[in-house]
Amino acid sequence: MSITVIATIEAEEAHEKTVEKALRDVVSPSRDDAGCEMYVLSRDEDNSSLFVMLERWKDRSALKAHEQTPHYKTLMSTLKGKLVSVDIQVLDVLI
């Protein structure tokens with residue numbers, strides 16, 4: 001069953017550019033990960049520090065494998081201490 005991930009990430013204002021670059025840098029390699037069906041980065045229209053990653057994965061094992069990749073681990077390391085908040089929803093696709 002496909003999995004949708006919605007990650008809402010708010011950067012500290014002082015780190016907005018660094019966070020944006022880190023998020024941008026992970027998109028292309030993530031799209032190449034096995035089982036990735038969609039990987040999109042967006043920014044809130046009213047709050048330039050608020051980013052949303054919308055992802056679709058073939059199944060949970062593809063998502064778990066993605067979380068073990070060097071590019072994902074680099075992202076997590078780069079974001080550490082630079083965020084106001086993170087909300088991650090993992091959803092089963094129904095139709």
# chains A, B, ... in the order shown; residues from 1 in each chain; ligands from 1
call {"tool": "select_by_dssp", "arguments": {"residues": "chain A", "states": "alpha helix (DSSP H)", "output": "number ranges by chain"}}
result
A: 16-31, 60-66, 70-79
call {"tool": "residues_around", "arguments": {"residues": "Val5 in chain A", "least_positions_apart": "3", "cutoff": "8 Å", "atoms": "only C-alpha atoms", "output": "mmCIF file with C-alpha atoms, in the first residue's frame"}}
result
data_model
loop_
_atom_site.group_PDB
_atom_site.id
_atom_site.type_symbol
_atom_site.label_atom_id
_atom_site.label_comp_id
_atom_site.auth_asym_id
_atom_site.auth_seq_id
_atom_site.Cartn_x
_atom_site.Cartn_y
_atom_site.Cartn_z
ATOM 1 C CA MET A 53 7.492 18.346 1.883
ATOM 2 C CA LEU A 54 4.887 16.194 0.170
ATOM 3 C CA GLU A 55 6.090 12.659 -0.483
ATOM 4 C CA ARG A 56 4.578 9.468 -1.828
ATOM 5 C CA ILE A 88 5.356 14.759 10.145
ATOM 6 C CA GLN A 89 2.216 12.913 9.111
ATOM 7 C CA VAL A 90 2.516 9.421 7.610
ATOM 8 C CA LEU A 91 -0.697 8.415 5.864
#
call {"tool": "residues_around", "arguments": {"residues": "Leu75 in chain A", "least_positions_apart": "5", "cutoff": "10 Å", "atoms": "only C-alpha atoms", "output": "PyMOL selection string"}}
result
chain A and resi 19+21-26+70+80
call {"tool": "closest_residue", "arguments": {"among": "A:Asp87, A:Glu13, A:Asp33, A:Asp44", "to": "Ala62 in chain A", "atoms": "only C-alpha atoms"}}
result
A:Asp33
call {"tool": "closest_residue", "arguments": {"among": "A:Val52, A:Lys58, A:Ala65, A:Gly35", "to": "Glu20 in chain A", "atoms": "only C-alpha atoms"}}
result
A:Val52
call {"tool": "select_by_dssp", "arguments": {"residues": "chain A", "states": "strand (DSSP E or B)", "output": "PDB file with N, CA and C atoms, in the first residue's frame"}}
result
ATOM      1  N   ILE A   3       2.241   5.024   0.632  1.00  0.00           N
ATOM      2  CA  ILE A   3       2.321   5.864   1.824  1.00  0.00           C
ATOM      3  C   ILE A   3       2.516   7.315   1.376  1.00  0.00           C
ATOM      4  N   THR A   4       1.755   8.218   1.973  1.00  0.00           N
ATOM      5  CA  THR A   4       1.967   9.649   1.765  1.00  0.00           C
ATOM      6  C   THR A   4       2.570  10.229   3.036  1.00  0.00           C
ATOM      7  N   VAL A   5       3.574  11.068   2.864  1.00  0.00           N
ATOM      8  CA  VAL A   5       4.186  11.771   3.991  1.00  0.00           C
ATOM      9  C   VAL A   5       4.000  13.265   3.756  1.00  0.00           C
ATOM     10  N   ILE A   6       3.498  13.946   4.777  1.00  0.00           N
ATOM     11  CA  ILE A   6       3.399  15.405   4.755  1.00  0.00           C
ATOM     12  C   ILE A   6       4.256  15.907   5.905  1.00  0.00           C
ATOM     13  N   ALA A   7       5.366  16.541   5.561  1.00  0.00           N
ATOM     14  CA  ALA A   7       6.281  17.075   6.573  1.00  0.00           C
ATOM     15  C   ALA A   7       6.208  18.596   6.538  1.00  0.00           C
ATOM     16  N   THR A   8       5.760  19.187   7.636  1.00  0.00           N
ATOM     17  CA  THR A   8       5.670  20.637   7.760  1.00  0.00           C
ATOM     18  C   THR A   8       6.824  21.086   8.650  1.00  0.00           C
ATOM     19  N   ILE A   9       7.678  21.930   8.093  1.00  0.00           N
ATOM     20  CA  ILE A   9       8.944  22.291   8.725  1.00  0.00           C
ATOM     21  C   ILE A   9       9.022  23.806   8.827  1.00  0.00           C
ATOM     22  N   GLU A  10       9.161  24.315  10.041  1.00  0.00           N
ATOM     23  CA  GLU A  10       9.325  25.760  10.219  1.00  0.00           C
ATOM     24  C   GLU A  10      10.749  26.051  10.680  1.00  0.00           C
ATOM     25  N   ALA A  11      11.453  26.816   9.873  1.00  0.00           N
ATOM     26  CA  ALA A  11      12.838  27.181  10.175  1.00  0.00           C
ATOM     27  C   ALA A  11      12.880  28.375  11.119  1.00  0.00           C
ATOM     28  N   CYS A  36      10.207   5.741  -4.535  1.00  0.00           N
ATOM     29  CA  CYS A  36       9.710   7.115  -4.458  1.00  0.00           C
ATOM     30  C   CYS A  36       8.803   7.376  -5.654  1.00  0.00           C
ATOM     31  N   GLU A  37       7.569   7.752  -5.378  1.00  0.00           N
ATOM     32  CA  GLU A  37       6.608   8.057  -6.427  1.00  0.00           C
ATOM     33  C   GLU A  37       6.406   9.558  -6.596  1.00  0.00           C
ATOM     34  N   MET A  38       6.704  10.332  -5.544  1.00  0.00           N
ATOM     35  CA  MET A  38       6.581  11.791  -5.598  1.00  0.00           C
ATOM     36  C   MET A  38       7.378  12.393  -4.440  1.00  0.00           C
ATOM     37  N   TYR A  39       8.027  13.513  -4.703  1.00  0.00           N
ATOM     38  CA  TYR A  39       8.779  14.206  -3.661  1.00  0.00           C
ATOM     39  C   TYR A  39       8.792  15.682  -4.044  1.00  0.00           C
ATOM     40  N   VAL A  40       8.008  16.494  -3.339  1.00  0.00           N
ATOM     41  CA  VAL A  40       7.803  17.891  -3.710  1.00  0.00           C
ATOM     42  C   VAL A  40       8.081  18.789  -2.503  1.00  0.00           C
ATOM     43  N   LEU A  41       8.814  19.859  -2.739  1.00  0.00           N
ATOM     44  CA  LEU A  41       9.076  20.875  -1.719  1.00  0.00           C
ATOM     45  C   LEU A  41       8.265  22.123  -2.048  1.00  0.00           C
ATOM     46  N   SER A  42       7.551  22.642  -1.059  1.00  0.00           N
ATOM     47  CA  SER A  42       6.769  23.873  -1.216  1.00  0.00           C
ATOM     48  C   SER A  42       7.056  24.796  -0.037  1.00  0.00           C
ATOM     49  N   ARG A  43       6.704  26.084  -0.252  1.00  0.00           N
ATOM     50  CA  ARG A  43       6.860  27.078   0.812  1.00  0.00           C
ATOM     51  C   ARG A  43       5.510  27.778   1.013  1.00  0.00           C
ATOM     52  N   LEU A  50       8.270  28.700   6.519  1.00  0.00           N
ATOM     53  CA  LEU A  50       7.472  27.484   6.644  1.00  0.00           C
ATOM     54  C   LEU A  50       7.502  26.703   5.330  1.00  0.00           C
ATOM     55  N   PHE A  51       8.012  25.469   5.397  1.00  0.00           N
ATOM     56  CA  PHE A  51       8.162  24.604   4.234  1.00  0.00           C
ATOM     57  C   PHE A  51       7.310  23.350   4.418  1.00  0.00           C
ATOM     58  N   VAL A  52       6.853  22.800   3.303  1.00  0.00           N
ATOM     59  CA  VAL A  52       6.091  21.552   3.333  1.00  0.00           C
ATOM     60  C   VAL A  52       6.687  20.607   2.302  1.00  0.00           C
ATOM     61  N   MET A  53       7.036  19.419   2.768  1.00  0.00           N
ATOM     62  CA  MET A  53       7.492  18.346   1.883  1.00  0.00           C
ATOM     63  C   MET A  53       6.315  17.395   1.721  1.00  0.00           C
ATOM     64  N   LEU A  54       5.939  17.140   0.471  1.00  0.00           N
ATOM     65  CA  LEU A  54       4.887  16.194   0.170  1.00  0.00           C
ATOM     66  C   LEU A  54       5.525  15.027  -0.559  1.00  0.00           C
ATOM     67  N   GLU A  55       5.414  13.851   0.038  1.00  0.00           N
ATOM     68  CA  GLU A  55       6.090  12.659  -0.483  1.00  0.00           C
ATOM     69  C   GLU A  55       5.090  11.525  -0.673  1.00  0.00           C
ATOM     70  N   ARG A  56       5.347  10.706  -1.674  1.00  0.00           N
ATOM     71  CA  ARG A  56       4.578   9.468  -1.828  1.00  0.00           C
ATOM     72  C   ARG A  56       5.577   8.346  -2.051  1.00  0.00           C
ATOM     73  N   TRP A  57       5.397   7.263  -1.290  1.00  0.00           N
ATOM     74  CA  TRP A  57       6.291   6.105  -1.339  1.00  0.00           C
ATOM     75  C   TRP A  57       5.488   4.862  -1.682  1.00  0.00           C
ATOM     76  N   LEU A  83      15.443  24.629  13.607  1.00  0.00           N
ATOM     77  CA  LEU A  83      14.003  24.612  13.362  1.00  0.00           C
ATOM     78  C   LEU A  83      13.202  25.081  14.569  1.00  0.00           C
ATOM     79  N   VAL A  84      12.081  25.733  14.275  1.00  0.00           N
ATOM     80  CA  VAL A  84      11.109  26.092  15.296  1.00  0.00           C
ATOM     81  C   VAL A  84      10.235  24.880  15.586  1.00  0.00           C
ATOM     82  N   SER A  85       9.823  24.207  14.497  1.00  0.00           N
ATOM     83  CA  SER A  85       8.945  23.049  14.667  1.00  0.00           C
ATOM     84  C   SER A  85       9.001  22.139  13.448  1.00  0.00           C
ATOM     85  N   VAL A  86       8.613  20.881  13.685  1.00  0.00           N
ATOM     86  CA  VAL A  86       8.471  19.892  12.623  1.00  0.00           C
ATOM     87  C   VAL A  86       7.238  19.061  12.947  1.00  0.00           C
ATOM     88  N   ASP A  87       6.381  18.891  11.947  1.00  0.00           N
ATOM     89  CA  ASP A  87       5.218  18.017  12.099  1.00  0.00           C
ATOM     90  C   ASP A  87       5.238  17.060  10.920  1.00  0.00           C
ATOM     91  N   ILE A  88       5.307  15.768  11.211  1.00  0.00           N
ATOM     92  CA  ILE A  88       5.356  14.759  10.145  1.00  0.00           C
ATOM     93  C   ILE A  88       4.144  13.857  10.270  1.00  0.00           C
ATOM     94  N   GLN A  89       3.365  13.808   9.188  1.00  0.00           N
ATOM     95  CA  GLN A  89       2.216  12.913   9.111  1.00  0.00           C
ATOM     96  C   GLN A  89       2.544  11.815   8.107  1.00  0.00           C
ATOM     97  N   VAL A  90       2.341  10.565   8.506  1.00  0.00           N
ATOM     98  CA  VAL A  90       2.516   9.421   7.610  1.00  0.00           C
ATOM     99  C   VAL A  90       1.131   8.820   7.424  1.00  0.00           C
ATOM    100  N   LEU A  91       0.676   8.782   6.170  1.00  0.00           N
ATOM    101  CA  LEU A  91      -0.697   8.415   5.864  1.00  0.00           C
ATOM    102  C   LEU A  91      -0.748   7.243   4.887  1.00  0.00           C
ATOM    103  N   ASP A  92      -1.662   6.330   5.103  1.00  0.00           N
ATOM    104  CA  ASP A  92      -1.916   5.269   4.136  1.00  0.00           C
ATOM    105  C   ASP A  92      -2.808   5.832   3.037  1.00  0.00           C
TER     106      ASP A  92
END
call {"tool": "closest_residue", "arguments": {"among": "A:Pro29, A:Ala34, A:Leu94, A:Asp46", "to": "Thr74 in chain A", "atoms": "only C-alpha atoms"}}
result
A:Pro29
call {"tool": "closest_residue", "arguments": {"among": "A:Ala14, A:Val93, A:Val27, A:Leu63", "to": "Ser2 in chain A", "atoms": "only C-alpha atoms"}}
result
A:Val93
call {"tool": "atom_distance", "arguments": {"atom1": "CA of Ile95 in chain A", "atom2": "CA of Asp59 in chain A"}}
result
14.2 Å
call {"tool": "atom_distance", "arguments": {"atom1": "CA of Asp32 in chain A", "atom2": "CA of Met1 in chain A"}}
result
19.5 Å
